[in-house]
Structure formats: structure tokens, C-alpha cells
$ cat data06.txt   # compact mmCIF, C-alpha atoms
# COMPACT_ATOMS: atom_id res chain seq x y z
CA MET A 1 -100.63 -24.21 -98.38
CA GLY A 2 -97.35 -22.88 -99.77
CA ASN A 3 -98.27 -19.22 -99.25
CA GLY A 4 -97.06 -18.92 -95.68
CA ASN A 5 -100.47 -19.65 -94.17
CA PHE A 6 -100.62 -22.49 -91.70
CA VAL A 7 -103.50 -24.82 -92.41
CA GLU A 8 -105.45 -26.21 -89.52
CA ILE A 9 -106.46 -29.59 -90.84
CA GLY A 10 -109.45 -31.47 -89.50
CA MET A 11 -111.41 -33.58 -91.91
CA GLU A 12 -115.10 -34.38 -92.07
CA ILE A 13 -117.38 -35.89 -94.69
CA THR A 14 -119.61 -33.24 -96.23
CA ASN A 15 -122.71 -33.07 -98.42
CA GLU A 16 -122.01 -29.50 -99.55
CA ILE A 17 -120.38 -30.61 -102.78
CA SER A 18 -122.15 -31.88 -105.89
CA LEU A 19 -121.25 -32.22 -109.57
CA ARG A 20 -122.89 -31.04 -112.76
CA VAL A 21 -121.84 -32.72 -115.99
CA ILE A 22 -120.46 -30.17 -118.46
CA GLN A 23 -119.17 -32.60 -121.08
CA ASP A 24 -119.85 -36.29 -121.56
CA ALA A 25 -116.96 -38.70 -122.07
CA SER A 26 -115.70 -39.57 -125.53
CA GLU A 27 -113.44 -42.45 -126.58
CA PHE A 28 -110.31 -40.51 -125.59
CA LYS A 29 -111.53 -37.94 -123.10
CA GLN A 30 -113.07 -38.34 -119.65
CA SER A 31 -116.30 -36.62 -118.66
CA GLU A 32 -115.90 -33.15 -117.26
CA CYS A 33 -117.98 -31.75 -114.40
CA GLU A 34 -118.44 -28.40 -112.72
CA VAL A 35 -118.06 -28.55 -108.95
CA LEU A 36 -121.01 -27.05 -107.06
CA GLN A 37 -120.83 -25.93 -103.44
CA SER A 38 -124.24 -25.78 -101.76
CA ASN A 39 -125.69 -25.83 -105.31
CA ASN A 40 -123.66 -22.77 -106.34
CA MET A 41 -121.22 -22.93 -109.25
CA THR A 42 -117.61 -22.66 -108.15
CA GLY A 43 -115.97 -22.37 -111.57
CA VAL A 44 -113.80 -25.40 -110.79
CA ARG A 45 -113.96 -28.27 -113.27
CA VAL A 46 -112.89 -31.84 -112.61
CA ALA A 47 -112.71 -35.08 -114.55
CA GLY A 48 -115.28 -37.77 -113.78
CA GLN A 49 -119.01 -38.16 -113.74
CA VAL A 50 -120.03 -39.69 -110.43
CA LEU A 51 -119.25 -38.04 -107.10
CA GLU A 52 -118.23 -40.86 -104.75
CA ALA A 53 -117.47 -38.74 -101.67
CA SER A 54 -116.42 -35.28 -100.59
CA ILE A 55 -114.40 -34.31 -97.52
CA LYS A 56 -114.15 -30.88 -95.96
CA VAL A 57 -110.57 -30.32 -94.83
CA ASP A 58 -111.04 -26.73 -93.66
CA ASP A 59 -113.05 -23.61 -94.70
CA LYS A 60 -111.52 -23.60 -98.16
CA LEU A 61 -109.98 -27.00 -98.78
CA TYR A 62 -111.97 -29.97 -99.99
CA ILE A 63 -111.13 -33.46 -101.21
CA ILE A 64 -113.43 -35.03 -103.76
CA PHE A 65 -113.43 -38.53 -105.18
CA THR A 66 -115.01 -39.11 -108.58
CA THR A 67 -115.40 -42.05 -110.94
CA ASP A 68 -116.21 -42.11 -114.65
CA ASN A 69 -119.20 -44.47 -114.72
CA VAL A 70 -117.16 -46.98 -116.74
CA ILE A 71 -118.14 -49.83 -114.47
CA PHE A 72 -116.09 -52.52 -116.21
CA GLU A 73 -112.88 -50.47 -116.20
CA GLU A 74 -113.35 -47.92 -113.44
CA SER A 75 -110.61 -45.66 -112.15
CA LEU A 76 -110.81 -43.33 -109.17
CA ASN A 77 -110.05 -39.62 -109.57
CA ILE A 78 -108.94 -37.74 -106.45
CA PHE A 79 -108.88 -33.93 -106.30
CA LEU A 80 -107.69 -31.57 -103.59
CA LEU A 81 -109.60 -28.34 -104.23
CA LYS A 82 -109.42 -24.83 -102.90
CA LEU A 83 -112.84 -23.14 -103.12
CA GLY A 84 -113.89 -19.53 -102.50
CA LYS A 85 -111.53 -16.80 -103.64
CA ASP A 86 -108.60 -18.06 -105.81
CA ARG A 87 -110.46 -21.30 -106.35
CA LYS A 88 -108.52 -24.03 -108.13
CA ILE A 89 -107.44 -27.65 -108.19
CA ILE A 90 -104.39 -27.79 -105.95
CA ASP A 91 -103.42 -31.40 -106.61
CA SER A 92 -104.87 -34.57 -108.12
CA ALA A 93 -104.27 -38.27 -108.65
CA THR A 94 -105.95 -41.17 -110.45
CA ILE A 95 -105.94 -44.78 -109.30
CA GLY A 96 -106.65 -47.39 -111.94
CA GLU A 97 -105.31 -50.05 -114.27
CA MET A 98 -106.02 -51.16 -117.81
CA TYR A 99 -108.62 -53.98 -118.01
CA SER A 100 -109.24 -53.74 -114.28
CA THR A 101 -112.04 -52.13 -112.31
CA GLY A 102 -112.93 -51.12 -108.79
CA VAL A 103 -115.63 -49.94 -106.44
CA PHE A 104 -114.96 -47.04 -104.08
CA LYS A 105 -116.13 -47.98 -100.60
CA ASP A 106 -115.64 -47.89 -96.84
CA LEU A 107 -114.19 -44.40 -96.64
CA LYS A 108 -112.93 -43.72 -93.10
CA ILE A 109 -111.29 -40.61 -91.69
CA ARG A 110 -108.37 -41.77 -89.56
CA THR A 111 -106.63 -38.64 -88.30
CA ASP A 112 -106.88 -34.88 -88.83
CA ASN A 113 -105.02 -35.19 -92.11
CA SER A 114 -105.42 -38.79 -93.28
CA LEU A 115 -108.15 -41.10 -94.46
CA GLU A 116 -108.52 -44.62 -95.84
CA PHE A 117 -110.74 -46.23 -98.42
CA TYR A 118 -111.07 -49.40 -100.49
CA PHE A 119 -110.78 -49.44 -104.24
CA MET A 120 -110.04 -52.28 -106.67
CA GLY A 121 -111.07 -55.32 -104.70
CA ASP A 122 -109.49 -55.75 -101.29
CA ASN A 123 -106.91 -53.03 -101.83
CA LEU A 124 -106.88 -50.57 -98.95
CA TRP A 125 -105.56 -47.11 -99.72
CA LYS A 126 -104.37 -44.35 -97.41
CA MET A 127 -104.43 -40.68 -98.32
CA THR A 128 -102.45 -38.09 -96.34
CA VAL A 129 -102.82 -34.35 -96.84
CA TYR A 130 -99.70 -32.31 -96.09
CA HIS A 131 -99.48 -29.06 -94.16
CA ASP A 132 -96.83 -27.89 -96.63
CA PRO A 133 -96.26 -29.10 -100.21
CA GLN A 134 -93.67 -31.85 -100.60
CA LEU A 135 -91.06 -31.94 -103.33
CA ARG A 136 -91.52 -34.77 -105.82
CA ILE A 137 -89.72 -36.14 -108.86
CA PRO A 138 -91.98 -35.77 -111.89
CA PHE A 139 -93.08 -38.99 -113.64
CA ILE A 140 -92.31 -41.07 -110.52
CA ASN A 141 -95.51 -41.83 -108.61
CA GLU A 142 -96.23 -43.57 -105.32
CA ASN A 143 -97.50 -46.72 -107.00
CA LYS A 144 -97.80 -47.98 -110.58
CA LYS A 145 -101.59 -47.91 -110.27
CA ILE A 146 -101.43 -44.17 -109.57
CA SER A 147 -101.04 -41.47 -112.19
CA ARG A 148 -100.40 -37.82 -111.42
CA PRO A 149 -100.16 -34.61 -113.42
CA VAL A 150 -96.60 -33.55 -114.18
CA GLY A 151 -95.16 -31.26 -111.51
CA PHE A 152 -92.57 -30.85 -108.77
CA LYS A 153 -94.92 -30.48 -105.81
CA ARG A 154 -97.27 -32.81 -104.09
CA TYR A 155 -99.92 -31.66 -101.62
CA PHE A 156 -101.11 -35.13 -100.67
CA SER A 157 -99.90 -38.69 -100.96
CA VAL A 158 -101.81 -41.86 -101.76
CA SER A 159 -100.40 -45.26 -100.91
CA GLU A 160 -101.62 -48.83 -100.95
CA ILE A 161 -101.61 -50.48 -97.55
CA GLU A 162 -100.30 -54.06 -97.76
CA MET B 1 -44.84 -51.19 -136.28
CA ASP B 2 -46.71 -54.35 -137.09
CA THR B 3 -49.49 -52.99 -139.31
CA ALA B 4 -50.87 -56.47 -139.93
CA LEU B 5 -51.51 -56.87 -136.18
CA LEU B 6 -53.08 -53.43 -135.97
CA SER B 7 -55.22 -54.21 -138.96
CA SER B 8 -56.34 -57.48 -137.31
CA LEU B 9 -57.19 -55.72 -134.02
CA ASP B 10 -59.05 -53.05 -135.88
CA GLN B 11 -61.04 -55.72 -137.74
CA ARG B 12 -61.94 -57.46 -134.47
CA GLY B 13 -62.97 -54.12 -132.96
CA LYS B 14 -65.12 -53.42 -136.00
CA GLU B 15 -66.77 -56.83 -135.74
CA ARG B 16 -67.48 -56.34 -132.09
CA PHE B 17 -68.99 -52.94 -132.81
CA GLU B 18 -71.16 -54.47 -135.52
CA GLN B 19 -72.44 -57.10 -133.08
CA VAL B 20 -73.40 -54.46 -130.52
CA ILE B 21 -75.28 -52.49 -133.14
CA ALA B 22 -77.06 -55.67 -134.29
CA SER B 23 -78.25 -56.38 -130.72
CA PHE B 24 -79.48 -52.84 -130.31
CA GLN B 25 -81.43 -53.03 -133.54
CA GLY B 26 -83.01 -56.32 -132.47
CA ASP B 27 -84.22 -54.78 -129.21
CA MET B 28 -85.62 -51.76 -130.99
CA SER B 29 -87.62 -53.94 -133.38
CA ALA B 30 -89.02 -56.00 -130.50
CA LEU B 31 -90.07 -52.92 -128.54
CA ALA B 32 -91.63 -51.35 -131.60
CA ALA B 33 -93.60 -54.55 -132.27
CA GLN B 34 -94.84 -54.79 -128.69
CA LEU B 35 -95.89 -51.18 -128.54
CA SER B 36 -97.63 -51.32 -131.88
CA ILE B 37 -99.47 -54.61 -131.29
CA ASP B 38 -100.85 -53.98 -127.81
CA PRO B 39 -102.07 -50.39 -128.36
CA ARG B 40 -103.77 -51.43 -131.62
CA LEU B 41 -105.47 -54.31 -129.82
CA ARG B 42 -106.56 -51.96 -127.09
CA LEU B 43 -108.23 -49.61 -129.56
CA LYS B 44 -109.89 -52.57 -131.26
CA TYR B 45 -111.16 -53.77 -127.86
CA SER B 46 -112.62 -50.36 -127.15
CA ARG B 47 -114.57 -50.36 -130.42
CA LEU B 48 -115.68 -54.01 -130.13
CA ILE B 49 -117.30 -53.55 -126.76
CA LYS B 50 -119.24 -50.51 -127.99
CA ILE B 51 -120.65 -52.56 -130.88
CA MET B 52 -121.56 -55.34 -128.44
CA SER B 53 -123.35 -52.97 -126.09
CA ASP B 54 -125.32 -51.30 -128.90
CA ASP B 55 -126.33 -54.69 -130.25
CA LEU B 56 -127.58 -55.93 -126.87
CA ARG B 57 -129.55 -52.74 -126.30
CA GLU B 58 -131.19 -53.14 -129.68
CA GLN B 59 -132.19 -56.72 -128.87
CA ALA B 60 -133.62 -55.75 -125.49
CA ASN B 61 -135.46 -52.76 -126.99
CA ILE B 62 -137.26 -54.94 -129.51
CA GLY B 63 -138.01 -57.54 -126.81
CA ALA B 64 -135.84 -60.30 -128.27
CA ILE B 65 -134.19 -60.68 -124.85
CA SER B 66 -134.98 -59.32 -121.41
CA TRP B 67 -132.98 -56.45 -119.98
CA GLU B 68 -131.66 -58.77 -117.27
CA GLN B 69 -130.38 -61.20 -119.91
CA ALA B 70 -128.84 -58.32 -121.81
CA ALA B 71 -127.02 -57.11 -118.69
CA LYS B 72 -125.66 -60.60 -117.86
CA GLU B 73 -124.57 -61.14 -121.43
CA ALA B 74 -122.85 -57.74 -121.43
CA GLN B 75 -120.78 -58.74 -118.43
CA ASP B 76 -119.91 -62.17 -119.86
CA THR B 77 -119.01 -60.67 -123.23
CA ARG B 78 -116.68 -58.14 -121.62
CA ASN B 79 -114.80 -61.00 -119.97
CA ILE B 80 -114.69 -63.13 -123.14
CA THR B 81 -113.53 -60.18 -125.28
CA MET B 82 -110.70 -59.61 -122.84
CA GLU B 83 -109.68 -63.27 -123.16
CA MET B 84 -109.63 -62.94 -126.95
CA ILE B 85 -107.49 -59.84 -126.81
CA ARG B 86 -105.13 -61.57 -124.39
CA ALA B 87 -104.71 -64.53 -126.75
CA LYS B 88 -103.58 -62.15 -129.53
CA SER B 89 -101.57 -60.00 -127.20
CA THR B 90 -97.80 -59.84 -126.73
CA PRO B 91 -96.24 -61.52 -123.69
CA VAL B 92 -96.19 -58.20 -121.85
CA GLY B 93 -99.84 -57.52 -122.66
CA LYS B 94 -100.83 -61.03 -121.53
CA ALA B 95 -99.08 -60.70 -118.20
CA LEU B 96 -100.70 -57.34 -117.60
CA ALA B 97 -104.18 -58.48 -118.64
CA GLN B 98 -103.96 -61.61 -116.46
CA LYS B 99 -103.07 -59.50 -113.45
CA MET B 100 -105.90 -57.11 -114.11
CA LYS B 101 -108.64 -59.72 -114.33
CA LEU B 102 -108.29 -60.50 -110.64
CA THR B 103 -110.28 -57.38 -109.72
CA GLY B 104 -113.49 -57.80 -111.75
CA LYS B 105 -117.03 -57.23 -110.46
CA THR B 106 -119.74 -59.79 -109.83
CA PHE B 107 -123.10 -59.28 -111.45
CA ASN B 108 -124.79 -58.60 -108.12
CA GLU B 109 -122.21 -55.95 -107.29
CA LEU B 110 -122.97 -54.22 -110.57
CA VAL B 111 -126.71 -54.33 -109.94
CA ALA B 112 -126.31 -52.94 -106.42
CA ARG B 113 -124.08 -50.14 -107.61
CA LYS B 114 -126.36 -49.07 -110.42
CA THR B 115 -129.40 -49.19 -108.14
CA SER B 116 -127.66 -46.91 -105.69
CA GLU B 117 -126.54 -44.56 -108.44
CA LEU B 118 -129.94 -44.26 -110.08
CA TYR B 119 -132.28 -44.38 -107.08
CA GLY B 120 -130.20 -43.32 -104.08
CA THR B 121 -128.10 -45.12 -101.50
CA LYS B 122 -131.14 -46.31 -99.55
CA ALA B 123 -132.81 -47.93 -102.57
CA ASN B 124 -133.24 -51.72 -102.62
CA PHE B 125 -133.27 -53.44 -106.00
CA ASN B 126 -135.78 -56.03 -104.82
CA THR B 127 -138.38 -53.36 -104.07
CA LEU B 128 -138.02 -51.52 -107.39
CA SER B 129 -140.75 -51.68 -110.02
CA GLU B 130 -140.15 -53.70 -113.18
CA LEU B 131 -139.56 -50.50 -115.14
CA GLN B 132 -137.01 -49.32 -112.61
CA ARG B 133 -135.23 -52.70 -112.62
CA ASN B 134 -135.04 -52.64 -116.39
CA HIS B 135 -133.56 -49.18 -116.11
CA VAL B 136 -130.85 -50.64 -113.85
CA PHE B 137 -130.11 -53.47 -116.30
CA GLY B 138 -130.15 -51.09 -119.24
CA SER B 139 -127.65 -48.92 -117.47
CA ILE B 140 -125.32 -51.91 -117.02
CA VAL B 141 -125.60 -52.75 -120.73
CA GLU B 142 -124.80 -49.16 -121.64
CA SER B 143 -121.79 -49.09 -119.32
CA ALA B 144 -120.52 -52.32 -120.87
CA GLY B 145 -119.93 -50.39 -124.08
CA ARG B 146 -117.53 -48.00 -122.41
CA SER B 147 -113.82 -48.32 -121.81
CA ASN B 148 -111.58 -46.07 -119.78
CA ALA B 149 -110.92 -42.93 -121.86
CA LYS B 150 -107.67 -42.13 -120.08
CA VAL B 151 -106.30 -45.60 -120.88
CA ASN B 152 -107.50 -45.30 -124.49
CA LEU B 153 -105.66 -42.01 -124.91
CA LYS B 154 -102.48 -43.42 -123.38
CA MET B 155 -102.59 -46.43 -125.72
CA LEU B 156 -103.24 -44.19 -128.72
CA ARG B 157 -100.10 -42.22 -127.86
CA LEU B 158 -98.12 -45.43 -127.33
CA SER B 159 -99.21 -46.70 -130.73
CA HIS B 160 -97.73 -43.53 -132.25
CA ALA B 161 -94.53 -44.09 -130.27
CA GLY B 162 -94.42 -47.66 -131.56
CA ARG B 163 -94.66 -46.36 -135.11
CA GLY B 164 -91.82 -43.94 -134.35
CA LEU B 165 -89.63 -46.81 -133.18
CA VAL B 166 -90.46 -48.85 -136.28
CA ILE B 167 -89.43 -45.88 -138.42
CA PHE B 168 -86.20 -45.57 -136.42
CA SER B 169 -85.44 -49.28 -136.90
CA ILE B 170 -86.10 -49.03 -140.62
CA ALA B 171 -83.99 -45.86 -140.95
CA PHE B 172 -81.12 -47.57 -139.16
CA ALA B 173 -81.40 -50.61 -141.42
CA VAL B 174 -81.44 -48.43 -144.55
CA TYR B 175 -78.31 -46.59 -143.34
CA GLU B 176 -76.50 -49.91 -142.83
CA VAL B 177 -77.51 -51.14 -146.27
CA MET B 178 -76.41 -47.89 -147.95
CA ASN B 179 -73.01 -48.17 -146.31
CA ALA B 180 -72.49 -51.86 -147.03
CA ASP B 181 -70.26 -53.06 -149.83
CA ASP B 182 -72.55 -56.00 -150.59
CA LYS B 183 -75.93 -54.29 -150.50
CA LEU B 184 -78.03 -57.34 -151.36
CA ASN B 185 -76.45 -59.40 -148.62
CA GLU B 186 -76.75 -56.54 -146.15
CA THR B 187 -80.46 -56.13 -146.89
CA GLY B 188 -81.07 -59.79 -146.07
CA ARG B 189 -78.98 -59.45 -142.92
CA GLN B 190 -80.95 -56.43 -141.72
CA LEU B 191 -84.26 -58.19 -142.29
CA ALA B 192 -82.99 -61.23 -140.40
CA ILE B 193 -81.82 -59.12 -137.45
CA GLY B 194 -85.12 -57.28 -137.22
CA GLY B 195 -87.15 -60.48 -137.49
CA ALA B 196 -84.93 -62.37 -135.05
CA GLY B 197 -85.27 -59.57 -132.54
CA ILE B 198 -89.04 -59.79 -132.63
CA ALA B 199 -89.21 -63.60 -132.55
CA GLY B 200 -86.56 -63.83 -129.83
CA ALA B 201 -88.28 -61.28 -127.63
CA TRP B 202 -91.63 -62.98 -128.06
CA ALA B 203 -90.34 -66.43 -127.08
CA SER B 204 -88.17 -65.11 -124.29
CA GLY B 205 -90.95 -62.95 -122.93
CA ALA B 206 -93.35 -65.90 -122.88
CA VAL B 207 -90.81 -68.07 -121.06
CA ALA B 208 -90.00 -65.30 -118.58
CA GLY B 209 -93.72 -64.85 -117.97
CA LEU B 210 -94.02 -68.51 -117.03
CA MET B 211 -90.97 -68.34 -114.80
CA CYS B 212 -92.10 -65.25 -112.99
CA GLY B 213 -95.67 -66.38 -112.65
CA PRO B 214 -98.84 -64.71 -113.90
CA GLY B 215 -99.10 -61.02 -113.33
CA ALA B 216 -95.38 -60.23 -113.44
CA PRO B 217 -95.10 -57.78 -116.33
CA VAL B 218 -91.74 -56.40 -115.21
CA CYS B 219 -90.18 -59.90 -115.41
CA VAL B 220 -91.60 -60.32 -118.90
CA VAL B 221 -90.23 -57.04 -120.23
CA ILE B 222 -86.70 -57.79 -119.00
CA GLY B 223 -86.81 -61.35 -120.37
CA GLY B 224 -88.19 -60.04 -123.63
CA PHE B 225 -85.37 -57.57 -124.14
CA ILE B 226 -82.65 -60.06 -123.31
CA GLY B 227 -84.18 -62.59 -125.67
CA GLY B 228 -84.40 -60.00 -128.41
CA ALA B 229 -80.76 -59.01 -128.03
CA LEU B 230 -79.49 -62.61 -127.95
CA ALA B 231 -81.46 -63.66 -130.99
CA ALA B 232 -80.27 -60.65 -133.00
CA TRP B 233 -76.64 -61.22 -131.93
CA GLU B 234 -76.70 -64.82 -133.12
CA MET B 235 -78.41 -63.89 -136.37
CA GLY B 236 -75.75 -61.25 -136.99
CA ILE B 237 -72.99 -63.88 -136.55
CA LEU B 238 -74.73 -66.61 -138.57
CA TRP B 239 -75.32 -64.40 -141.59
CA ARG B 240 -71.59 -64.01 -142.25

$ encode --input "data06.txt" --output "C-alpha cells"
Amino acid sequence: MGNGNFVEIGMEITNEISLRVIQDASEFKQSECEVLQSNNMTGVRVAGQVLEASIKVDDKLYIIFTTDNVIFEESLNIFLLKLGKDRKIIDSATIGEMYSTGVFKDLKIRTDNSLEFYFMGDNLWKMTVYHDPQLRIPFINENKKISRPVGFKRYFSVSEIE
Amino acid sequence: MDTALLSSLDQRGKERFEQVIASFQGDMSALAAQLSIDPRLRLKYSRLIKIMSDDLREQANIGAISWEQAAKEAQDTRNITMEMIRAKSTPVGKALAQKMKLTGKTFNELVARKTSELYGTKANFNTLSELQRNHVFGSIVESAGRSNAKVNLKMLRLSHAGRGLVIFSIAFAVYEVMNADDKLNETGRQLAIGGAGIAGAWASGAVAGLMCGPGAPVCVVIGGFIGGALAAWEMGILWR
């Protein structure tokens, strides 16, 4: 993952991960949660309140999907995490639109490094995790429903399947 | 050298320059208006729905209405509030809001989701006790008072940007007035350009929205800017 180590990717849905709310949402700030692995604190904090699903990519890499429990204007937060030593959020994305809402459902692992899910009605989304980080142009995202933190690297992509 | 000809060309060049500046100012006023109206409406929407949710909870708590009624009314009120905001909104806001509404949730979907969240994925709403069902409905009412915090923050920042653009437009207008020979006339001209830019963008944006169909915010923004520029250009010429 950018440090010379080749990542053997093979995804599976896991129940190891859970969330503990650290801070409730305010008008201008999302909820914040501590990520727990097998009920142990990891020190990693993510936005959101409800854990929709968690995927184990390998021994250290996990993907988690969270929502904010704002059922009439829900957005989906996606995090690629590295747990264990040097734990951190490697990459993230949010899918959502003003005055619109969605339900996360029908998550399916398609290949060793890609999965699909539904969010916002009949919109099918595909997520692909990269072996090596890809260069990206900051402020330009895959889709106008997707927002990303500012940066030049992308460790996964999310796209809407027409 | 024919200085009269040069003087004439220079005057035409100056006029042309003035027209370009007038168009630019018109567009800036229109953008500032759009940014400042929609973000303010958004923040008002966020506060309105919280008041609504608190009110419904109060009524259900005192037994004036059932929790199921409160939950249904919460959902209906969210939709109606959005319609009200859309009616006051700018053409861009309307196009966006119309597009968004297509992905709402049915009441049953909400109930199923909350049941699963509160009592586990295997729970069935129909087998819950009355207390548990009321808990589900109460949770829906509470959620109805929340809006997306990330969107709220973005709109708060945009409203500040809108104010910045308004200040820029005003500063530009003041500069033009200070440099004009006929300051009274120039003041009126600047007000007309700013106003024309806003009115032109509004009308043009609404027309573009109709032409492009509902849910085409990009079409509306382009139409809005062109309309703003044209209206300001004409107003600049007419004032002379």
C-alpha cells in the first residue's frame, strides 16, 4: 500500500468491527465514532453513527460503511482502514446529495478487490480497491454525488453503474 | 496623424470596455444572490425541521397523538417543508431539489429500517410489543428533526462566500462611482446593472430549467449566467 509491500487482496464480510459513539452530531458536525476490533479500541475514529457493513480485505486492511442516522437525508461514509500497528484511515469517500436520502443494501463482493452495493434508490455502486495508490486531481471526484478529502492519491474508487 | 480618428477609436474602445465590465458585474451580482439565497434557505430548513420534530414529540408524549401518527406526520412534513423551500428557492436550487426528491423513502421502509436498527436484523415489526413499536415511531420522529450536518456546513460556507461576492460587487460599483464624472448618474447606473443582473439571471435560469427538464442544474447555471450578462449589457447601454 505505497510502502513497497504487495497486498494480497481477498475480501470477505466480517463481524469483527463495531463502532462506539464518541461524539453525537451537531448542526454542522457529523457524529464521530471509535472503531472497535473484536471489542478492542483501535484508536481510529470515523464519521458516522451506524455501522452498515465491514469488509476484511486482508490482515490489516478493512473497509467500513457508516451512515449518520439522518434517515431523511442520509449519506454513506466509506472508509478504508489500516488496523494494528500504524493504524489509520488510508482513504475515504462520502456518497450523498442535499435533500436526498438512501438506504445501504445488497452488498455483494464481486472479485478479490471489488464489491457492489445499492444506495440512493436503484443506484448501483461499484467500489474497487487498488493494489497501489492511484494519482488523482484534487477537487475532481468520480461523480458529483461523491465527496472526498483533498489529496493527490486515491486507494479505492467508487463509481455509479448505469 | 488624424487625432480625431484616434480619439474616436479610443472612445469606441472605452465604450466596449465599459460594456464588458458591466456584464461581468451583472454576473457577479447574480451569483452572489444565488449563493446567498439558497444557503440561507438551507439553514432555515435545518432549523424548521428540528422545531417540527420537537413539537411532534411533545404532542405524542402528552398523548395528544399516537406515536404512529407522529411518525407519519414527520415524514409528510419533511416533504412539505422541502416543497416550501423549493418555492422560495433560486432556479438552481429548484432544479437541484426537484432532482433530489426522486430518492425519498416510503413510510414502511423507514419503519423496517428503524426496527432493524433498534432490535436487530432478524426483528419483525409486527411481532414487537406496543412499547417497542412506539420506540420505533419515536425514533422516526426524532430523525425527522435532523438534517445532514456535512451539507449544513457546506451551505454555511457558501453563504459566507455569497456575502464575499456581494461585497466585491459593491466595492466594484463604489469604485466606478468614485471615478465617474457624473456621480449621481453613475450611482443609478450601477444599481440598475446589479439589479438587472439578478433579474436577468433569475428569468433566464427559470427558462433554461424548463428547457433542460427537471433535475438539470448544470443547464440552469449556464442559462442563468448568460441571462445575467445579457440583461446587464442592455441596461448599461440603455442608461446612456

$ residues_around --input "data06.txt" --residues "A:Glu97" --least-positions-apart "2" --cutoff "7 Å" --atoms "all atoms listed in the file" --output "list in words"
Tyr99, Ser100 and Lys145 of chain A

$ write_last_selection --input "data06.txt" --atoms "C-alpha atoms" --output "CSV table (one decimal), in the coordinates of the input"
chain,number,residue,atom,x,y,z
A,99,TYR,CA,-108.6,-54.0,-118.0
A,100,SER,CA,-109.2,-53.7,-114.3
A,145,LYS,CA,-101.6,-47.9,-110.3

$ closest_residue --input "data06.txt" --among "B:Gln132, B:Asn61, B:Thr127, B:Thr121" --to "chain A" --atoms "all atoms listed in the file"
B:Thr121

$ residues_near_point --input "data06.txt" --point "(-118.7, -36.8, -101.5)" --cutoff "8 Å" --atoms "only C-alpha atoms" --output "short mmCIF file (atom, residue, chain, number, x, y, z; two decimals) with C-alpha atoms, keeping the file's coordinate frame"
data_model
loop_
_atom_site.label_atom_id
_atom_site.label_comp_id
_atom_site.auth_asym_id
_atom_site.auth_seq_id
_atom_site.Cartn_x
_atom_site.Cartn_y
_atom_site.Cartn_z
CA ILE A 13 -117.38 -35.89 -94.69
CA THR A 14 -119.61 -33.24 -96.23
CA ASN A 15 -122.71 -33.07 -98.42
CA ILE A 17 -120.38 -30.61 -102.78
CA SER A 18 -122.15 -31.88 -105.89
CA LEU A 51 -119.25 -38.04 -107.10
CA GLU A 52 -118.23 -40.86 -104.75
CA ALA A 53 -117.47 -38.74 -101.67
CA SER A 54 -116.42 -35.28 -100.59
CA ILE A 55 -114.40 -34.31 -97.52
CA ILE A 64 -113.43 -35.03 -103.76
CA PHE A 65 -113.43 -38.53 -105.18
#

$ closest_residue --input "data06.txt" --among "A:Ile146, A:Ile161, A:Ile63, A:Val50" --to "A:Val103" --atoms "all atoms listed in the file"
A:Val50

$ closest_residue --input "data06.txt" --among "B:Lys72, B:Arg78, B:Lys122, B:Arg133" --to "chain A" --atoms "all atoms listed in the file"
B:Arg78

$ atom_distance --input "data06.txt" --atom1 "atom CA of A:Asn39" --atom2 "atom CA of A:Lys56"
15.7 Å

$ atom_distance --input "data06.txt" --atom1 "atom CA of A:Leu115" --atom2 "atom CA of A:Lys29"
29.0 Å

$ atom_distance --input "data06.txt" --atom1 "atom CA of B:Lys50" --atom2 "atom CA of B:Val111"
19.9 Å

$ residues_near_point --input "data06.txt" --point "(-112.6, -45.6, -115.1)" --cutoff "9 Å" --atoms "only C-alpha atoms" --output "PDB file with C-alpha atoms, in the coordinates of the input"
ATOM      1  CA  GLN A  30    -113.070 -38.340-119.650  1.00  0.00           C
ATOM      2  CA  GLY A  48    -115.280 -37.770-113.780  1.00  0.00           C
ATOM      3  CA  THR A  67    -115.400 -42.050-110.940  1.00  0.00           C
ATOM      4  CA  ASP A  68    -116.210 -42.110-114.650  1.00  0.00           C
ATOM      5  CA  ASN A  69    -119.200 -44.470-114.720  1.00  0.00           C
ATOM      6  CA  VAL A  70    -117.160 -46.980-116.740  1.00  0.00           C
ATOM      7  CA  ILE A  71    -118.140 -49.830-114.470  1.00  0.00           C
ATOM      8  CA  PHE A  72    -116.090 -52.520-116.210  1.00  0.00           C
ATOM      9  CA  GLU A  73    -112.880 -50.470-116.200  1.00  0.00           C
ATOM     10  CA  GLU A  74    -113.350 -47.920-113.440  1.00  0.00           C
ATOM     11  CA  SER A  75    -110.610 -45.660-112.150  1.00  0.00           C
ATOM     12  CA  LEU A  76    -110.810 -43.330-109.170  1.00  0.00           C
ATOM     13  CA  ASN A  77    -110.050 -39.620-109.570  1.00  0.00           C
ATOM     14  CA  ILE A  95    -105.940 -44.780-109.300  1.00  0.00           C
ATOM     15  CA  GLY A  96    -106.650 -47.390-111.940  1.00  0.00           C
ATOM     16  CA  GLU A  97    -105.310 -50.050-114.270  1.00  0.00           C
ATOM     17  CA  SER A 100    -109.240 -53.740-114.280  1.00  0.00           C
ATOM     18  CA  THR A 101    -112.040 -52.130-112.310  1.00  0.00           C
ATOM     19  CA  GLY A 102    -112.930 -51.120-108.790  1.00  0.00           C
TER      20      GLY A 102
ATOM     21  CA  SER B 147    -113.820 -48.320-121.810  1.00  0.00           C
ATOM     22  CA  ASN B 148    -111.580 -46.070-119.780  1.00  0.00           C
ATOM     23  CA  ALA B 149    -110.920 -42.930-121.860  1.00  0.00           C
ATOM     24  CA  LYS B 150    -107.670 -42.130-120.080  1.00  0.00           C
ATOM     25  CA  VAL B 151    -106.300 -45.600-120.880  1.00  0.00           C
TER      26      VAL B 151
END

$ residues_around --input "data06.txt" --residues "A:Ser31" --least-positions-apart "5" --cutoff "7 Å" --atoms "only C-alpha atoms" --output "ChimeraX atom specification"
/A:23-25,47-49,68
